[in-house]
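Here is query.txt, consisting of compact mmCIF, C-alpha atoms:
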# COMPACT_ATOMS: atom_id res chain seq x y z
CA MET D 1 -4.83 -9.55 35.08
CA GLN D 2 -1.55 -10.93 33.74
CA ASN D 3 -1.05 -10.78 29.98
CA THR D 4 -0.26 -14.04 28.22
CA MET D 5 2.44 -14.15 25.53
CA GLU D 6 -0.35 -14.44 22.94
CA ASP D 7 -1.99 -11.28 24.30
CA ILE D 8 1.35 -9.43 24.15
CA ASN D 9 2.04 -10.56 20.58
CA THR D 10 -1.46 -9.53 19.49
CA TYR D 11 -0.96 -6.10 21.02
CA GLU D 12 2.42 -5.68 19.35
CA ASP D 13 1.01 -6.71 15.97
CA ALA D 14 -1.76 -4.15 16.38
CA LYS D 15 0.66 -1.24 16.86
CA LYS D 16 0.85 1.13 13.94
CA LYS D 17 4.25 2.36 12.76
CA ILE D 18 4.67 6.08 12.06
CA LEU D 19 7.59 7.63 10.19
CA ILE D 20 8.50 11.17 11.28
CA VAL D 21 10.57 13.14 8.77
CA ASP D 22 11.68 16.41 10.40
CA ASP D 23 15.11 17.98 10.84
CA GLU D 24 14.10 19.91 13.98
CA LYS D 25 15.09 17.57 16.81
CA SER D 26 12.88 19.30 19.38
CA ILE D 27 9.78 18.76 17.23
CA SER D 28 10.79 15.22 16.28
CA ASP D 29 11.35 14.30 19.95
CA LEU D 30 8.01 15.86 20.93
CA LEU D 31 6.20 13.84 18.26
CA VAL D 32 7.97 10.62 19.21
CA TYR D 33 7.10 11.08 22.90
CA ASN D 34 3.43 11.82 22.32
CA LEU D 35 2.86 9.23 19.60
CA GLU D 36 4.52 6.45 21.60
CA LYS D 37 2.44 7.47 24.61
CA GLU D 38 -0.60 6.79 22.40
CA GLY D 39 0.74 3.30 21.63
CA TYR D 40 2.30 3.89 18.20
CA LYS D 41 5.73 2.76 17.08
CA THR D 42 7.90 5.53 15.63
CA ILE D 43 10.89 5.82 13.33
CA THR D 44 12.58 9.11 12.50
CA ALA D 45 14.51 10.70 9.65
CA ILE D 46 16.33 14.05 9.75
CA ASP D 47 16.51 14.79 6.02
CA GLY D 48 14.56 14.12 2.84
CA GLU D 49 16.80 11.42 1.41
CA GLU D 50 16.69 9.42 4.64
CA GLY D 51 12.93 9.90 4.73
CA VAL D 52 12.48 8.35 1.28
CA ASN D 53 14.80 5.44 2.12
CA LEU D 54 13.02 4.66 5.40
CA ALA D 55 9.58 4.95 3.82
CA LEU D 56 10.47 2.41 1.14
CA SER D 57 12.37 0.02 3.43
CA GLN D 58 10.16 0.19 6.56
CA ASN D 59 6.73 0.53 4.91
CA PRO D 60 5.19 2.60 7.75
CA ASP D 61 1.45 2.90 8.32
CA LEU D 62 1.56 6.72 8.24
CA ILE D 63 4.13 9.44 7.52
CA LEU D 64 4.49 12.87 9.16
CA LEU D 65 6.50 14.88 6.66
CA ASP D 66 7.99 18.36 7.09
CA ILE D 67 8.22 20.52 3.96
CA MET D 68 11.47 22.34 4.75
CA LEU D 69 14.11 19.59 4.85
CA PRO D 70 17.83 19.34 4.02
CA LYS D 71 19.04 17.31 1.01
CA MET D 72 15.52 16.95 -0.43
CA ASP D 73 12.45 19.08 0.31
CA GLY D 74 9.25 17.52 1.61
CA LEU D 75 7.27 18.05 -1.59
CA THR D 76 9.87 16.08 -3.56
CA VAL D 77 9.94 13.41 -0.84
CA CYS D 78 6.15 13.07 -1.04
CA LYS D 79 6.28 12.75 -4.82
CA LYS D 80 8.97 10.03 -4.69
CA ILE D 81 7.16 8.06 -1.99
CA ARG D 82 3.90 8.20 -3.94
CA GLN D 83 5.59 6.63 -6.98
CA THR D 84 5.86 3.38 -5.01
CA LEU D 85 3.60 3.60 -1.94
CA SER D 86 0.25 4.85 -3.16
CA LYS D 87 -1.95 4.31 -0.11
CA ILE D 88 0.13 5.21 2.98
CA PRO D 89 -1.35 8.36 4.56
CA ILE D 90 1.02 11.36 4.45
CA ILE D 91 0.44 14.38 6.68
CA MET D 92 2.53 17.39 5.61
CA LEU D 93 3.95 19.71 8.28
CA SER D 94 5.02 23.26 7.48
CA ALA D 95 6.01 26.42 9.34
CA LYS D 96 5.14 28.52 6.31
CA GLY D 97 1.39 28.51 6.53
CA GLU D 98 1.18 29.57 2.90
CA GLU D 99 -1.91 28.46 1.00
CA ILE D 100 0.20 27.58 -2.06
CA ASP D 101 2.25 25.05 -0.02
CA LYS D 102 -0.92 23.36 1.18
CA ILE D 103 -2.33 23.16 -2.34
CA LEU D 104 0.94 21.80 -3.76
CA GLY D 105 1.25 19.23 -1.00
CA LEU D 106 -2.27 17.93 -1.52
CA GLU D 107 -1.92 17.95 -5.31
CA ILE D 108 1.19 15.73 -5.27
CA GLY D 109 -0.37 13.15 -2.99
CA ALA D 110 -0.44 14.31 0.65
CA ASP D 111 -3.58 13.33 2.56
CA ASP D 112 -3.55 16.11 5.14
CA TYR D 113 -1.70 19.29 6.06
CA MET D 114 -0.86 21.00 9.36
CA THR D 115 0.87 24.33 9.99
CA LYS D 116 3.48 24.75 12.73
CA PRO D 117 3.08 25.46 15.57
CA PHE D 118 0.31 22.88 15.92
CA SER D 119 -1.63 21.39 18.78
CA ILE D 120 -0.38 17.91 19.71
CA ARG D 121 -3.94 16.92 20.54
CA GLU D 122 -5.11 17.95 17.08
CA LEU D 123 -2.18 16.19 15.40
CA ILE D 124 -2.96 12.94 17.24
CA ALA D 125 -6.61 13.29 16.16
CA ARG D 126 -5.51 13.76 12.52
CA VAL D 127 -3.23 10.72 12.76
CA LYS D 128 -6.06 8.56 14.08
CA ALA D 129 -8.50 9.85 11.45
CA ASN D 130 -6.13 9.13 8.56
CA LEU D 131 -5.34 5.65 9.88
CA ARG D 132 -9.05 4.90 10.19
CA LYS D 133 -9.54 5.71 6.51
CA ILE D 134 -7.05 2.99 5.62
CA GLU D 135 -8.51 0.49 8.09
CA LYS D 136 -11.94 0.87 6.47
CA ASN D 137 -10.44 -0.67 3.34
CA ASP D 138 -9.35 -3.78 5.27
CA GLN D 139 -11.61 -6.81 4.76
CA ASP D 140 -11.67 -10.47 5.67
CA ILE D 141 -14.13 -12.40 3.50
CA GLY D 142 -13.83 -16.17 3.74
CA ASN D 143 -10.55 -17.13 2.10
CA VAL D 144 -9.86 -13.52 1.01
CA ILE D 145 -7.92 -11.01 3.12
CA ILE D 146 -7.50 -7.38 2.05
CA ARG D 147 -5.19 -5.21 4.15
CA GLY D 148 -4.83 -1.81 2.57
CA ASN D 149 -2.83 -2.50 -0.57
CA LYS D 150 -2.12 -6.17 0.20
CA ILE D 151 -4.44 -8.89 -1.07
CA THR D 152 -4.37 -12.55 -0.05
CA VAL D 153 -6.58 -15.01 -1.92
CA GLY D 154 -5.88 -18.57 -0.82
CA ASP D 155 -2.27 -19.41 -1.73
CA LEU D 156 -1.86 -16.18 -3.71
CA LYS D 157 -0.55 -13.02 -2.05
CA LEU D 158 -0.11 -9.64 -3.80
CA ASP D 159 1.60 -6.50 -2.51
CA LEU D 160 0.25 -3.72 -4.76
CA ASP D 161 2.74 -1.15 -3.45
CA LYS D 162 5.84 -3.24 -4.10
CA PHE D 163 4.46 -5.09 -7.18
CA GLU D 164 5.34 -8.40 -5.52
CA VAL D 165 3.56 -11.75 -5.75
CA GLU D 166 3.91 -14.77 -3.46
CA VAL D 167 2.49 -18.21 -4.13
CA ARG D 168 2.50 -20.71 -1.27
CA GLY D 169 5.05 -18.52 0.54
CA GLN D 170 7.47 -18.32 -2.41
CA THR D 171 8.13 -15.01 -4.17
CA VAL D 172 7.48 -15.06 -7.92
CA THR D 173 10.31 -12.99 -9.38
CA ASP D 174 9.78 -13.24 -13.14
CA LEU D 175 6.30 -11.79 -13.63
CA THR D 176 6.09 -8.95 -16.12
CA ARG D 177 4.23 -5.75 -15.23
CA ARG D 178 1.34 -6.77 -17.49
CA GLU D 179 1.11 -10.22 -15.90
CA PHE D 180 1.08 -8.61 -12.45
CA GLU D 181 -1.72 -6.26 -13.51
CA VAL D 182 -3.80 -9.20 -14.75
CA LEU D 183 -3.39 -10.97 -11.40
CA ARG D 184 -4.15 -7.74 -9.54
CA TYR D 185 -7.37 -7.16 -11.45
CA LEU D 186 -8.56 -10.74 -10.98
CA ALA D 187 -7.51 -10.89 -7.29
CA GLN D 188 -9.62 -7.82 -6.57
CA LYS D 189 -12.63 -9.81 -7.84
CA PRO D 190 -12.01 -13.23 -6.24
CA GLY D 191 -14.34 -15.95 -7.48
CA GLN D 192 -15.84 -13.60 -10.06
CA VAL D 193 -15.44 -14.60 -13.70
CA VAL D 194 -13.88 -11.81 -15.79
CA THR D 195 -14.25 -11.91 -19.56
CA ARG D 196 -11.33 -11.60 -21.93
CA GLU D 197 -12.90 -8.45 -23.33
CA ASP D 198 -13.03 -6.89 -19.87
CA LEU D 199 -9.38 -7.77 -19.23
CA LEU D 200 -8.37 -6.20 -22.55
CA GLU D 201 -10.17 -2.99 -21.67
CA LYS D 202 -9.20 -2.72 -17.98
CA VAL D 203 -5.62 -4.06 -18.07
CA TRP D 204 -4.41 -3.40 -21.60
CA GLY D 205 -6.32 -0.14 -21.77
CA TYR D 206 -8.18 -0.55 -25.03
CA GLU D 207 -11.53 -1.92 -26.04
CA TYR D 208 -12.07 -5.29 -27.62
CA TYR D 209 -11.68 -5.25 -31.41
CA GLY D 210 -11.76 -8.96 -32.22
CA ASP D 211 -8.41 -10.46 -31.14
CA ILE D 212 -8.50 -11.91 -27.63
CA ARG D 213 -5.55 -14.27 -28.10
CA THR D 214 -3.22 -11.85 -26.31
CA VAL D 215 -5.21 -12.45 -23.08
CA ASP D 216 -5.01 -16.24 -23.45
CA VAL D 217 -1.25 -16.09 -24.07
CA THR D 218 -0.73 -13.92 -20.99
CA ILE D 219 -2.85 -16.23 -18.82
CA ARG D 220 -0.83 -19.22 -20.03
CA ARG D 221 2.44 -17.49 -19.10
CA ILE D 222 1.12 -16.56 -15.65
CA ARG D 223 0.08 -20.15 -15.00
CA GLU D 224 3.56 -21.38 -15.93
CA LYS D 225 4.90 -19.18 -13.11
CA ILE D 226 2.31 -19.69 -10.35
CA GLU D 227 0.72 -23.12 -10.84
CA LYS D 228 2.19 -26.46 -9.78
CA ASN D 229 0.42 -28.17 -12.67
CA THR D 230 -0.63 -25.95 -15.58
CA ALA D 231 -2.86 -28.73 -16.93
CA ASN D 232 -4.83 -28.68 -13.67
CA PRO D 233 -4.65 -25.10 -12.33
CA LYS D 234 -5.77 -24.43 -8.76
CA ILE D 235 -5.35 -20.64 -8.59
CA LEU D 236 -6.07 -19.08 -11.99
CA ILE D 237 -9.12 -20.88 -13.34
CA THR D 238 -10.77 -20.88 -16.77
CA LYS D 239 -14.54 -20.64 -17.10
CA ARG D 240 -14.88 -22.23 -20.51
CA GLY D 241 -16.41 -19.94 -23.08
CA VAL D 242 -16.55 -16.98 -20.67
CA GLY D 243 -13.23 -15.94 -19.13
CA TYR D 244 -11.01 -16.36 -16.07
CA TYR D 245 -11.15 -16.00 -12.30
CA ILE D 246 -9.01 -16.40 -9.19
CA GLU D 247 -10.15 -19.31 -7.04
CA SER D 248 -11.28 -17.98 -3.67

What is this structure when it is put down as structure tokens?
Amino acid sequence: MQNTMEDINTYEDAKKKILIVDDEKSISDLLVYNLEKEGYKTITAIDGEEGVNLALSQNPDLILLDIMLPKMDGLTVCKKIRQTLSKIPIIMLSAKGEEIDKILGLEIGADDYMTKPFSIRELIARVKANLRKIEKNDQDIGNVIIRGNKITVGDLKLDLDKFEVEVRGQTVTDLTRREFEVLRYLAQKPGQVVTREDLLEKVWGYEYYGDIRTVDVTIRRIREKIEKNTANPKILITKRGVGYYIES
């Protein structure tokens, strides 16, 4: 049966992108060949610095990361990537086979660990298993879409890895970190009213002691940046006498 252009586009969109960071060309080529045969897209880096740059610019779905790398070792690469991309699965690769390397890798944020030489069949199975963990977090509920660390609620779109917010397709560039965290917390509970006291505790990090004006001031500033009409907000709604919620 002939594929339509829509079928082809759907298939392309479904492909997962894997970043391979390994300075051994023979291993990198072997991984590229076998992963692409399984239907994945691949990008490669030959040193640690390039690996960090590609991870942050290309936002892959999974990273295969060697420990012994020129310019920057894999453990440092993992640590730097985790500072920005908290949910992308990272599988560490090492020829050492030392228990201490495995422990260090997992402690700094790696999701899995394989010792060279490894079975390609096992590596593919590990890749699929780690990608499935992320896919389980994806949800479509009415007007709410959650894809890993990206949340879309109506006209509001948040990228939790990049700390970016879009409203009606336009990037909001002047949100403070605190304002972003308020939106993040509310967007993860779409349609659910959150009290000022709860926001103080969960976002500001301290329990309510009597002054909730700081929450109201922050909400007002957010509305000035995301609402067309602050007097008649459509995204960040007040439940009088209770708190706030994101319209779902």

Exercise. For Thr176 in chain D, which residue among D:Ile219, D:Leu156, D:Leu199, D:Ile145 is the nearest when counting all atoms listed in the file?
Worked result: D:Ile219

For this session: Write out as a ChimeraX atom specification each polymer residue whose atoms come within 10 Å of Leu160 in chain D, counting only C-alpha atoms; drop sequence neighbours fewer than 2 positions from it.
Result: /D:84-87,148-151,157-158,162-165,180-181,184

With 12 Å as the threshold, what does the neighbourhood of (11.5, 14.8, 10.5) contain in terms of residues, counting all atoms listed in the file? Coordinates are those of the file; answer as a PDB file with C-alpha atoms, keeping the file's coordinate frame.
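Output (part.pdb):
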ATOM      1  CA  ILE D  18       4.670   6.080  12.060  1.00  0.00           C
ATOM      2  CA  LEU D  19       7.590   7.630  10.190  1.00  0.00           C
ATOM      3  CA  ILE D  20       8.500  11.170  11.280  1.00  0.00           C
ATOM      4  CA  VAL D  21      10.570  13.140   8.770  1.00  0.00           C
ATOM      5  CA  ASP D  22      11.680  16.410  10.400  1.00  0.00           C
ATOM      6  CA  ASP D  23      15.110  17.980  10.840  1.00  0.00           C
ATOM      7  CA  GLU D  24      14.100  19.910  13.980  1.00  0.00           C
ATOM      8  CA  LYS D  25      15.090  17.570  16.810  1.00  0.00           C
ATOM      9  CA  SER D  26      12.880  19.300  19.380  1.00  0.00           C
ATOM     10  CA  ILE D  27       9.780  18.760  17.230  1.00  0.00           C
ATOM     11  CA  SER D  28      10.790  15.220  16.280  1.00  0.00           C
ATOM     12  CA  ASP D  29      11.350  14.300  19.950  1.00  0.00           C
ATOM     13  CA  LEU D  30       8.010  15.860  20.930  1.00  0.00           C
ATOM     14  CA  LEU D  31       6.200  13.840  18.260  1.00  0.00           C
ATOM     15  CA  VAL D  32       7.970  10.620  19.210  1.00  0.00           C
ATOM     16  CA  THR D  42       7.900   5.530  15.630  1.00  0.00           C
ATOM     17  CA  ILE D  43      10.890   5.820  13.330  1.00  0.00           C
ATOM     18  CA  THR D  44      12.580   9.110  12.500  1.00  0.00           C
ATOM     19  CA  ALA D  45      14.510  10.700   9.650  1.00  0.00           C
ATOM     20  CA  ILE D  46      16.330  14.050   9.750  1.00  0.00           C
ATOM     21  CA  ASP D  47      16.510  14.790   6.020  1.00  0.00           C
ATOM     22  CA  GLY D  48      14.560  14.120   2.840  1.00  0.00           C
ATOM     23  CA  GLU D  49      16.800  11.420   1.410  1.00  0.00           C
ATOM     24  CA  GLU D  50      16.690   9.420   4.640  1.00  0.00           C
ATOM     25  CA  GLY D  51      12.930   9.900   4.730  1.00  0.00           C
ATOM     26  CA  VAL D  52      12.480   8.350   1.280  1.00  0.00           C
ATOM     27  CA  LEU D  54      13.020   4.660   5.400  1.00  0.00           C
ATOM     28  CA  ILE D  63       4.130   9.440   7.520  1.00  0.00           C
ATOM     29  CA  LEU D  64       4.490  12.870   9.160  1.00  0.00           C
ATOM     30  CA  LEU D  65       6.500  14.880   6.660  1.00  0.00           C
ATOM     31  CA  ASP D  66       7.990  18.360   7.090  1.00  0.00           C
ATOM     32  CA  ILE D  67       8.220  20.520   3.960  1.00  0.00           C
ATOM     33  CA  MET D  68      11.470  22.340   4.750  1.00  0.00           C
ATOM     34  CA  LEU D  69      14.110  19.590   4.850  1.00  0.00           C
ATOM     35  CA  PRO D  70      17.830  19.340   4.020  1.00  0.00           C
ATOM     36  CA  MET D  72      15.520  16.950  -0.430  1.00  0.00           C
ATOM     37  CA  ASP D  73      12.450  19.080   0.310  1.00  0.00           C
ATOM     38  CA  GLY D  74       9.250  17.520   1.610  1.00  0.00           C
ATOM     39  CA  VAL D  77       9.940  13.410  -0.840  1.00  0.00           C
ATOM     40  CA  ILE D  91       0.440  14.380   6.680  1.00  0.00           C
ATOM     41  CA  MET D  92       2.530  17.390   5.610  1.00  0.00           C
ATOM     42  CA  LEU D  93       3.950  19.710   8.280  1.00  0.00           C
ATOM     43  CA  SER D  94       5.020  23.260   7.480  1.00  0.00           C
TER      44      SER D  94
END

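The closest residue to Lys79 in chain D, picked from D:Thr195, D:Asn130, D:Ile108, D:Thr218 and counting only C-alpha atoms, is D:Ile108.
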
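Each of D:Ile226, D:Glu247, D:Tyr185, D:Asn34 was compared to Glu122 in chain D using only C-alpha atoms, and D:Asn34 turns out to be the nearest.
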
Exercise. Which residue out of D:Asn229, D:Ser119, D:Gln58, D:Thr76 has the minimum interatomic distance to Gly105 in chain D when only C-alpha atoms are used?
Worked result: D:Thr76

Seminar exercise, completed: The distance between CA of Gly39 in chain D and CA of Asp61 in chain D is 13.3 Å

For this session: For each of D:Leu183, D:Ala95, D:Gln170, D:Leu236, take the minimum atom-to-atom distance to Phe118 in chain D, counting all atoms listed in the file, then give the residue where this is smallest.
Result: D:Ala95

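For the choices D:Lys239, D:Arg132, D:Arg177, D:Arg223, the atom-to-atom distance to Gly191 in chain D is smallest for D:Lys239 when using all atoms listed in the file.
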
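In this structure, CA of Lys202 in chain D sits 22.2 Å away from CA of Asp174 in chain D.
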
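With CA of Glu166 in chain D on one side and CA of Thr152 in chain D on the other, the separation reads 9.2 Å.
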